[in-house]
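**Student:** I'm passing along work_10.cif; it holds mmCIF, C-alpha atoms and all ligand atoms.
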```
data_final
loop_
_atom_site.label_atom_id
_atom_site.label_comp_id
_atom_site.auth_asym_id
_atom_site.auth_seq_id
_atom_site.Cartn_x
_atom_site.Cartn_y
_atom_site.Cartn_z
CA MET O 188 -36.50 264.31 155.88
CA ALA O 189 -32.87 264.71 154.83
CA THR O 190 -30.92 267.90 154.20
CA VAL O 191 -27.90 268.50 151.98
CA TYR O 192 -25.89 271.60 152.86
CA LEU O 193 -23.67 273.11 150.19
CA GLU O 194 -21.28 276.05 150.49
CA GLU O 195 -21.56 277.08 146.86
CA ILE O 196 -23.11 275.49 143.79
CA ASP O 197 -24.10 276.51 140.28
CA SER O 198 -27.77 275.82 141.01
CA THR O 199 -29.53 273.82 143.73
CA ASN O 200 -32.09 272.70 141.12
CA ARG O 201 -29.38 271.49 138.75
CA TYR O 202 -27.58 269.69 141.62
CA SER O 203 -30.83 268.04 142.73
CA LYS O 204 -31.71 266.88 139.23
CA SER O 205 -28.23 265.47 138.58
CA ASN O 206 -28.22 263.60 141.90
CA LEU O 207 -31.89 262.68 141.97
CA ASP O 208 -31.35 258.91 142.11
CA GLY O 209 -29.20 259.16 145.22
CA LEU O 210 -31.45 261.64 147.05
CA GLU O 211 -34.38 260.32 149.04
CA ASP O 212 -37.91 261.69 148.85
CA ARG O 213 -38.30 264.97 150.82
CA THR O 214 -34.65 265.92 150.73
CA VAL O 215 -33.89 269.63 151.08
CA VAL O 216 -30.84 270.93 149.23
CA HIS O 217 -29.64 274.26 150.64
CA ALA O 218 -26.72 276.25 149.25
CA LEU O 219 -25.22 279.36 150.84
CA ARG O 220 -24.22 280.79 147.47
CA GLN O 221 -25.48 280.02 143.99
CA ASN O 222 -23.46 281.21 141.03
CA SER O 223 -25.67 280.18 138.10
CA GLY O 224 -29.23 280.08 139.41
CA ARG O 225 -31.99 279.09 137.04
CA GLY O 226 -35.24 281.01 136.69
CA ARG O 227 -38.49 280.57 134.83
CA LEU O 228 -38.74 281.35 131.11
CA GLN O 229 -35.03 280.55 130.61
CA ARG O 230 -34.07 283.48 132.84
CA SER O 231 -31.38 283.38 135.47
CA TRP O 232 -31.78 283.91 139.21
CA VAL O 233 -29.34 286.42 140.60
CA ASP O 234 -27.47 285.74 143.84
CA LEU O 235 -27.71 289.04 145.77
CA GLY O 236 -24.95 288.01 148.17
CA GLU O 237 -24.56 286.23 151.49
CA GLY O 238 -27.61 285.65 153.65
CA ASN O 239 -30.11 285.00 150.86
CA LEU O 240 -31.98 281.72 150.45
CA PHE O 241 -31.30 279.18 147.67
CA LEU O 242 -33.08 275.93 148.27
CA SER O 243 -34.58 272.98 146.41
CA PHE O 244 -37.06 270.40 147.63
CA VAL O 245 -36.48 266.95 146.11
CA LEU O 246 -39.88 265.28 145.96
CA LYS O 247 -40.79 261.78 144.86
CA PRO O 248 -44.47 261.64 145.74
CA SER O 249 -45.40 258.67 143.55
CA LYS O 250 -44.29 256.46 140.70
CA VAL O 251 -46.64 258.18 138.28
CA TYR O 252 -47.12 261.84 137.49
CA ASP O 253 -50.25 263.49 138.87
CA GLU O 254 -51.52 266.82 137.54
CA LYS O 255 -51.69 268.16 141.09
CA PHE O 256 -47.87 268.18 141.15
CA ALA O 257 -47.96 271.14 138.78
CA ASN O 258 -49.70 273.15 141.53
CA LEU O 259 -46.88 272.61 144.02
CA THR O 260 -45.35 275.92 142.93
CA GLN O 261 -48.59 277.65 143.95
CA TYR O 262 -48.63 275.71 147.23
CA LEU O 263 -45.06 276.85 147.95
CA SER O 264 -45.95 280.47 147.14
CA VAL O 265 -48.76 280.27 149.70
CA VAL O 266 -46.47 278.75 152.35
CA LEU O 267 -43.98 281.52 151.71
CA CYS O 268 -46.65 284.22 152.01
CA GLN O 269 -47.79 282.75 155.34
CA LEU O 270 -44.22 282.84 156.60
CA LEU O 271 -43.68 286.41 155.36
CA GLU O 272 -46.86 287.49 157.14
CA SER O 273 -45.33 286.33 160.41
CA TYR O 274 -42.68 289.04 159.80
CA GLY O 275 -45.47 291.62 159.76
CA ILE O 276 -45.65 292.31 156.04
CA LEU O 277 -48.36 291.84 153.42
CA PRO O 278 -47.18 289.74 150.49
CA GLN O 279 -49.06 289.32 147.24
CA ILE O 280 -49.06 286.58 144.62
CA LYS O 281 -48.77 287.10 140.88
CA TRP O 282 -49.97 284.09 138.88
CA PRO O 283 -48.79 281.48 139.03
CA ASN O 284 -46.23 281.72 141.83
CA ASP O 285 -44.34 284.99 142.06
CA VAL O 286 -44.37 286.52 145.53
CA LEU O 287 -44.26 290.31 145.72
CA ILE O 288 -44.19 293.01 148.35
CA ASN O 289 -45.59 296.36 147.22
CA GLY O 290 -45.24 295.24 143.61
CA ARG O 291 -41.61 294.20 143.96
CA LYS O 292 -40.57 290.59 143.59
CA ILE O 293 -39.06 289.04 146.71
CA ALA O 294 -38.94 285.39 145.68
CA GLY O 295 -38.96 283.09 142.70
CA ILE O 296 -40.06 279.48 142.43
CA LEU O 297 -39.05 277.00 139.74
CA SER O 298 -40.37 273.45 139.53
CA GLU O 299 -38.65 270.94 137.27
CA THR O 300 -40.01 267.48 136.51
CA VAL O 301 -37.51 264.67 136.08
CA MET O 302 -38.47 261.87 133.69
CA GLN O 303 -36.56 258.80 132.56
CA GLY O 304 -37.99 257.80 129.24
CA ASN O 305 -41.72 257.78 129.90
CA SER O 306 -41.47 257.19 133.61
CA PHE O 307 -41.75 259.87 136.23
CA LYS O 308 -38.75 260.03 138.59
CA GLY O 309 -39.54 263.04 140.72
CA LEU O 310 -39.76 266.78 141.06
CA VAL O 311 -37.29 269.42 142.01
CA LEU O 312 -39.04 272.43 143.50
CA GLY O 313 -36.59 275.30 143.86
CA ILE O 314 -37.09 278.56 145.68
CA GLY O 315 -34.95 281.66 145.99
CA VAL O 316 -35.89 284.31 148.55
CA ASN O 317 -34.18 287.67 148.87
CA LEU O 318 -33.68 287.87 152.63
CA ASN O 319 -30.66 290.11 153.11
CA ALA O 320 -29.61 292.52 150.39
CA VAL O 321 -28.01 295.92 150.24
CA PRO O 322 -30.16 298.32 148.20
CA GLU O 323 -27.45 298.78 145.51
CA SER O 324 -27.35 295.03 144.82
CA LEU O 325 -30.99 295.10 143.67
CA ASN O 326 -29.75 296.83 140.49
CA MET O 327 -28.16 293.51 139.47
CA VAL O 328 -31.66 292.33 138.57
CA LYS O 329 -32.43 294.05 135.31
CA ASP O 330 -35.78 292.73 134.16
CA LYS O 331 -38.13 293.71 137.01
CA PRO O 332 -38.36 295.57 140.32
CA VAL O 333 -37.22 293.44 143.24
CA THR O 334 -36.94 293.77 146.99
CA ALA O 335 -35.55 291.86 149.97
CA LEU O 336 -37.09 291.06 153.34
CA ASN O 337 -34.45 292.95 155.37
CA LEU O 338 -35.23 296.13 153.42
CA GLU O 339 -38.94 295.72 154.08
CA ILE O 340 -38.65 295.16 157.83
CA SER O 341 -35.54 297.31 158.38
CA LYS O 342 -33.56 294.59 160.08
CA SER O 343 -31.43 291.66 159.02
CA VAL O 344 -33.06 288.26 158.69
CA ASP O 345 -31.68 285.05 160.21
CA LEU O 346 -31.21 282.79 157.18
CA ASN O 347 -31.20 279.44 159.01
CA ASP O 348 -34.23 280.35 161.09
CA PHE O 349 -36.14 281.41 157.96
CA ARG O 350 -35.12 278.22 156.12
CA ASP O 351 -36.16 275.95 159.00
CA LYS O 352 -39.55 277.64 159.29
CA LEU O 353 -40.15 277.49 155.54
CA VAL O 354 -39.26 273.79 155.35
CA SER O 355 -41.36 272.81 158.34
CA MET O 356 -44.38 274.84 157.14
CA PHE O 357 -44.01 273.30 153.68
CA PHE O 358 -44.12 269.72 154.98
CA GLU O 359 -46.81 270.46 157.58
CA ASN O 360 -49.58 270.44 154.98
CA TYR O 361 -47.79 268.81 152.03
CA ASP O 362 -49.65 265.47 152.26
CA LYS O 363 -53.01 267.19 152.61
CA PHE O 364 -52.19 269.40 149.63
CA LEU O 365 -51.29 266.37 147.50
CA GLU O 366 -54.65 264.79 148.35
CA SER O 367 -56.76 267.86 147.55
CA GLY O 368 -54.72 269.91 145.08
CA PHE O 369 -55.17 273.63 144.41
CA ASN O 370 -58.58 273.74 146.08
CA TYR O 371 -56.83 273.29 149.42
CA ILE O 372 -55.15 276.69 149.09
CA LYS O 373 -57.56 278.44 146.71
CA ASP O 374 -59.15 280.84 149.21
CA TYR O 375 -55.84 282.03 150.64
CA TYR O 376 -54.33 282.28 147.16
CA ILE O 377 -57.22 284.43 145.89
CA CYS O 378 -57.09 286.70 148.95
CA HIS O 379 -53.43 287.40 148.16
CA ALA O 380 -53.69 287.58 144.36
CA ASN O 381 -52.75 290.98 142.93
CA PHE O 382 -53.94 290.39 139.37
CA LEU O 383 -57.64 289.54 139.49
CA ASP O 384 -59.97 291.85 137.54
CA LYS O 385 -56.97 293.58 136.02
CA GLU O 386 -55.73 293.76 132.44
CA VAL O 387 -52.71 291.46 132.25
CA CYS O 388 -50.26 290.13 129.69
CA VAL O 389 -49.25 286.51 130.05
CA GLN O 390 -46.16 284.91 128.52
CA VAL O 391 -47.09 281.43 127.29
CA PHE O 392 -43.96 279.80 125.84
CA ASN O 393 -43.05 282.11 122.93
CA ASP O 394 -46.47 283.68 122.76
CA LYS O 395 -48.13 286.49 124.72
CA LYS O 396 -51.82 286.53 125.66
CA SER O 397 -53.53 289.59 127.05
CA GLY O 398 -56.93 290.17 128.60
CA VAL O 399 -58.64 290.68 131.93
CA ALA O 400 -57.70 288.10 134.58
CA LYS O 401 -61.24 287.07 135.55
CA LYS O 402 -60.77 284.17 137.93
CA LEU O 403 -58.96 280.97 138.85
CA THR O 404 -60.31 277.48 138.31
CA ASP O 405 -60.27 274.84 141.05
CA ASN O 406 -57.08 273.55 139.43
CA GLY O 407 -55.26 276.89 139.69
CA GLU O 408 -55.63 277.77 136.02
CA LEU O 409 -56.08 281.40 135.03
CA ILE O 410 -59.17 282.48 133.11
CA LEU O 411 -58.50 285.42 130.81
CA GLU O 412 -61.34 287.33 129.19
CA LYS O 413 -60.91 289.22 125.96
CA ASP O 414 -63.59 290.59 123.62
CA GLY O 415 -66.27 288.54 125.37
CA SER O 416 -64.53 285.18 125.06
CA GLN O 417 -62.64 283.28 127.71
CA LEU O 418 -59.29 281.57 127.55
CA VAL O 419 -58.15 279.05 130.17
CA LEU O 420 -54.40 279.19 130.79
CA THR O 421 -52.71 276.23 132.45
CA ILE O 422 -49.14 277.33 131.84
CA GLY O 423 -47.59 280.78 131.63
CA ASP O 424 -46.36 283.74 133.63
CA ILE O 425 -48.06 287.10 134.10
CA LEU O 426 -45.51 289.65 132.97
C1 LIG O 501 -38.13 282.64 138.81
O1 LIG O 501 -37.70 282.87 137.68
O2 LIG O 501 -38.88 283.43 139.37
C2 LIG O 501 -37.75 281.37 139.50
C3 LIG O 501 -36.45 281.49 140.23
C4 LIG O 501 -36.08 280.26 141.05
C5 LIG O 501 -34.77 280.43 141.77
C6 LIG O 501 -34.45 279.30 142.69
S1 LIG O 501 -33.03 279.63 143.68
C7 LIG O 501 -32.95 277.97 144.19
C8 LIG O 501 -33.31 277.13 142.99
N1 LIG O 501 -32.15 276.83 142.18
C9 LIG O 501 -32.19 277.41 141.00
O3 LIG O 501 -31.30 277.36 140.13
N2 LIG O 501 -33.34 278.09 140.85
C10 LIG O 501 -34.17 277.96 142.03
#
```
Here is the file; what I need is its structure written in the form of structure tokens.
Ligand code: BTN
**Tutor:**
Amino acid sequence: MATVYLEEIDSTNRYSKSNLDGLEDRTVVHALRQNSGRGRLQRSWVDLGEGNLFLSFVLKPSKVYDEKFANLTQYLSVVLCQLLESYGILPQIKWPNDVLINGRKIAGILSETVMQGNSFKGLVLGIGVNLNAVPESLNMVKDKPVTALNLEISKSVDLNDFRDKLVSMFFENYDKFLESGFNYIKDYYICHANFLDKEVCVQVFNDKKSGVAKKLTDNGELILEKDGSQLVLTIGDIL
């Protein structure tokens, strides 16, 4: 496993995609500051200051795309929850991969697939975790309530220690996850899901779907129920 350390970059995902050919499989790109972070649904990811985590995994698991790769964001959300639990807090997951503490978002995950023509080149799996923030800086995030780990545990968090643990826990079960897919993490994911049996609204590209989040399939898809009929969602974000 290789690591690229950057002082400051626009986005670790953008850097990883632009340099994908020169980066070996399982490279970790870590930047101390990120001035133009990318989020899901064309949103941005705000840098809350020094001591927060901005990291991308560069993954080249095979020469052809496998549908299980789409579940890597859910796998990473589970790894993150396991790590957060070791700090004595109870994280929750909002489908597909937001990690929350008491309803406030602490981390975001963005996976980007890199293709060249029709051939699959690799994946860039980016994660931002709010580890050390002053309460006032949280106001910089306008669209939803957010939190940071230091505010939850009332002490500052060692960034390098957190990063090393996250990376090693990620790779510990990565091969097993790629063999089995979502089923490998399904039980843990469901135990930590905060949306099941609730009325939810899901953004699916430019559309919104609402209904009761009934269950998850073995592939990590969300089953919504509305007026007695069921809708299986593969892509989207619960708002
Ligand atoms: C989300 O919208 O919830 C996803 C946010 C993902 C942010 C991380 S920070 C490191 C990596 N580089 C980026 O530009 N984005 C991801």
**Student:** Which protein, DNA or RNA residues have an atom within 7 Å of ligand LIG 501 (chain O), counting all atoms listed in the file, as an mmCIF file with C-alpha atoms, in the coordinates of the input?
**Tutor:**
```
data_model
loop_
_atom_site.group_PDB
_atom_site.id
_atom_site.type_symbol
_atom_site.label_atom_id
_atom_site.label_comp_id
_atom_site.auth_asym_id
_atom_site.auth_seq_id
_atom_site.Cartn_x
_atom_site.Cartn_y
_atom_site.Cartn_z
ATOM 1 C CA SER O 198 -27.770 275.820 141.010
ATOM 2 C CA THR O 199 -29.530 273.820 143.730
ATOM 3 C CA ASN O 200 -32.090 272.700 141.120
ATOM 4 C CA ARG O 201 -29.380 271.490 138.750
ATOM 5 C CA SER O 223 -25.670 280.180 138.100
ATOM 6 C CA GLY O 224 -29.230 280.080 139.410
ATOM 7 C CA ARG O 225 -31.990 279.090 137.040
ATOM 8 C CA GLY O 226 -35.240 281.010 136.690
ATOM 9 C CA ARG O 227 -38.490 280.570 134.830
ATOM 10 C CA LEU O 228 -38.740 281.350 131.110
ATOM 11 C CA ARG O 230 -34.070 283.480 132.840
ATOM 12 C CA SER O 231 -31.380 283.380 135.470
ATOM 13 C CA TRP O 232 -31.780 283.910 139.210
ATOM 14 C CA PHE O 241 -31.300 279.180 147.670
ATOM 15 C CA LEU O 242 -33.080 275.930 148.270
ATOM 16 C CA SER O 243 -34.580 272.980 146.410
ATOM 17 C CA ASP O 285 -44.340 284.990 142.060
ATOM 18 C CA ALA O 294 -38.940 285.390 145.680
ATOM 19 C CA GLY O 295 -38.960 283.090 142.700
ATOM 20 C CA ILE O 296 -40.060 279.480 142.430
ATOM 21 C CA LEU O 297 -39.050 277.000 139.740
ATOM 22 C CA GLY O 313 -36.590 275.300 143.860
ATOM 23 C CA ILE O 314 -37.090 278.560 145.680
ATOM 24 C CA GLY O 315 -34.950 281.660 145.990
#
```
**Student:** For a quick check of your reading of the model, name the residues lying within 12 Å of the coordinate (-55.8, 279.8, 137.8), counting all atoms listed in the file, and write them as a PyMOL selection string.
**Tutor:** chain O and resi 257-258+261+280-284+369-370+372-374+376-377+380+382-383+400-411+418-425
**Student:** Please produce an output containing C-alpha atoms for each residue in the selection, written as a PDB file, keeping the file's coordinate frame.
**Tutor:**
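out28.pdb was written with the following content:
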```pdb
ATOM      1  CA  ALA O 257     -47.960 271.140 138.780  1.00  0.00           C
ATOM      2  CA  ASN O 258     -49.700 273.150 141.530  1.00  0.00           C
ATOM      3  CA  GLN O 261     -48.590 277.650 143.950  1.00  0.00           C
ATOM      4  CA  ILE O 280     -49.060 286.580 144.620  1.00  0.00           C
ATOM      5  CA  LYS O 281     -48.770 287.100 140.880  1.00  0.00           C
ATOM      6  CA  TRP O 282     -49.970 284.090 138.880  1.00  0.00           C
ATOM      7  CA  PRO O 283     -48.790 281.480 139.030  1.00  0.00           C
ATOM      8  CA  ASN O 284     -46.230 281.720 141.830  1.00  0.00           C
ATOM      9  CA  PHE O 369     -55.170 273.630 144.410  1.00  0.00           C
ATOM     10  CA  ASN O 370     -58.580 273.740 146.080  1.00  0.00           C
ATOM     11  CA  ILE O 372     -55.150 276.690 149.090  1.00  0.00           C
ATOM     12  CA  LYS O 373     -57.560 278.440 146.710  1.00  0.00           C
ATOM     13  CA  ASP O 374     -59.150 280.840 149.210  1.00  0.00           C
ATOM     14  CA  TYR O 376     -54.330 282.280 147.160  1.00  0.00           C
ATOM     15  CA  ILE O 377     -57.220 284.430 145.890  1.00  0.00           C
ATOM     16  CA  ALA O 380     -53.690 287.580 144.360  1.00  0.00           C
ATOM     17  CA  PHE O 382     -53.940 290.390 139.370  1.00  0.00           C
ATOM     18  CA  LEU O 383     -57.640 289.540 139.490  1.00  0.00           C
ATOM     19  CA  ALA O 400     -57.700 288.100 134.580  1.00  0.00           C
ATOM     20  CA  LYS O 401     -61.240 287.070 135.550  1.00  0.00           C
ATOM     21  CA  LYS O 402     -60.770 284.170 137.930  1.00  0.00           C
ATOM     22  CA  LEU O 403     -58.960 280.970 138.850  1.00  0.00           C
ATOM     23  CA  THR O 404     -60.310 277.480 138.310  1.00  0.00           C
ATOM     24  CA  ASP O 405     -60.270 274.840 141.050  1.00  0.00           C
ATOM     25  CA  ASN O 406     -57.080 273.550 139.430  1.00  0.00           C
ATOM     26  CA  GLY O 407     -55.260 276.890 139.690  1.00  0.00           C
ATOM     27  CA  GLU O 408     -55.630 277.770 136.020  1.00  0.00           C
ATOM     28  CA  LEU O 409     -56.080 281.400 135.030  1.00  0.00           C
ATOM     29  CA  ILE O 410     -59.170 282.480 133.110  1.00  0.00           C
ATOM     30  CA  LEU O 411     -58.500 285.420 130.810  1.00  0.00           C
ATOM     31  CA  LEU O 418     -59.290 281.570 127.550  1.00  0.00           C
ATOM     32  CA  VAL O 419     -58.150 279.050 130.170  1.00  0.00           C
ATOM     33  CA  LEU O 420     -54.400 279.190 130.790  1.00  0.00           C
ATOM     34  CA  THR O 421     -52.710 276.230 132.450  1.00  0.00           C
ATOM     35  CA  ILE O 422     -49.140 277.330 131.840  1.00  0.00           C
ATOM     36  CA  GLY O 423     -47.590 280.780 131.630  1.00  0.00           C
ATOM     37  CA  ASP O 424     -46.360 283.740 133.630  1.00  0.00           C
ATOM     38  CA  ILE O 425     -48.060 287.100 134.100  1.00  0.00           C
TER      39      ILE O 425
END
```
**Student:** Report, in Å with one decimal, the straight-line distance from CA of Glu272 in chain O to CA of Tyr371 in chain O.
**Tutor:**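 Atom-to-atom, CA of Glu272 in chain O and CA of Tyr371 in chain O are spaced 19.0 Å apart.
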**Student:** Might you pull out every residue within 8 Å of Leu277 in chain O, with only C-alpha atoms counted and same-chain residues fewer than 3 positions away left off, and present them as a PyMOL selection string?
**Tutor:** chain O and resi 268+271-272+288
**Student:** Got time to write the residues from that selection, C-alpha atoms, as an mmCIF file, keeping the file's coordinate frame?
**Tutor:**
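Just written: again.cif:
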```cif
data_model
loop_
_atom_site.group_PDB
_atom_site.id
_atom_site.type_symbol
_atom_site.label_atom_id
_atom_site.label_comp_id
_atom_site.auth_asym_id
_atom_site.auth_seq_id
_atom_site.Cartn_x
_atom_site.Cartn_y
_atom_site.Cartn_z
ATOM 1 C CA CYS O 268 -46.650 284.220 152.010
ATOM 2 C CA LEU O 271 -43.680 286.410 155.360
ATOM 3 C CA GLU O 272 -46.860 287.490 157.140
ATOM 4 C CA ILE O 288 -44.190 293.010 148.350
#
```
**Student:** Could you please determine the separation between CA of Gln303 in chain O and CA of Glu211 in chain O in Å, to one decimal place?
**Tutor:**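 CA of Gln303 in chain O sits 16.7 Å away from CA of Glu211 in chain O.
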**Student:** Closest to Met356 in chain O among O:Pro332, O:Ser203, O:Val233, O:Leu267, using only C-alpha atoms?
**Tutor:** O:Leu267
**Student:** Go through O:Thr300, O:Tyr262, O:Leu325, O:Leu210 and flag the residue nearest Lys363 in chain O, using only C-alpha atoms for the distances.
**Tutor:**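 Of O:Thr300, O:Tyr262, O:Leu325, O:Leu210, the one nearest Lys363 in chain O, counting only C-alpha atoms, is O:Tyr262.
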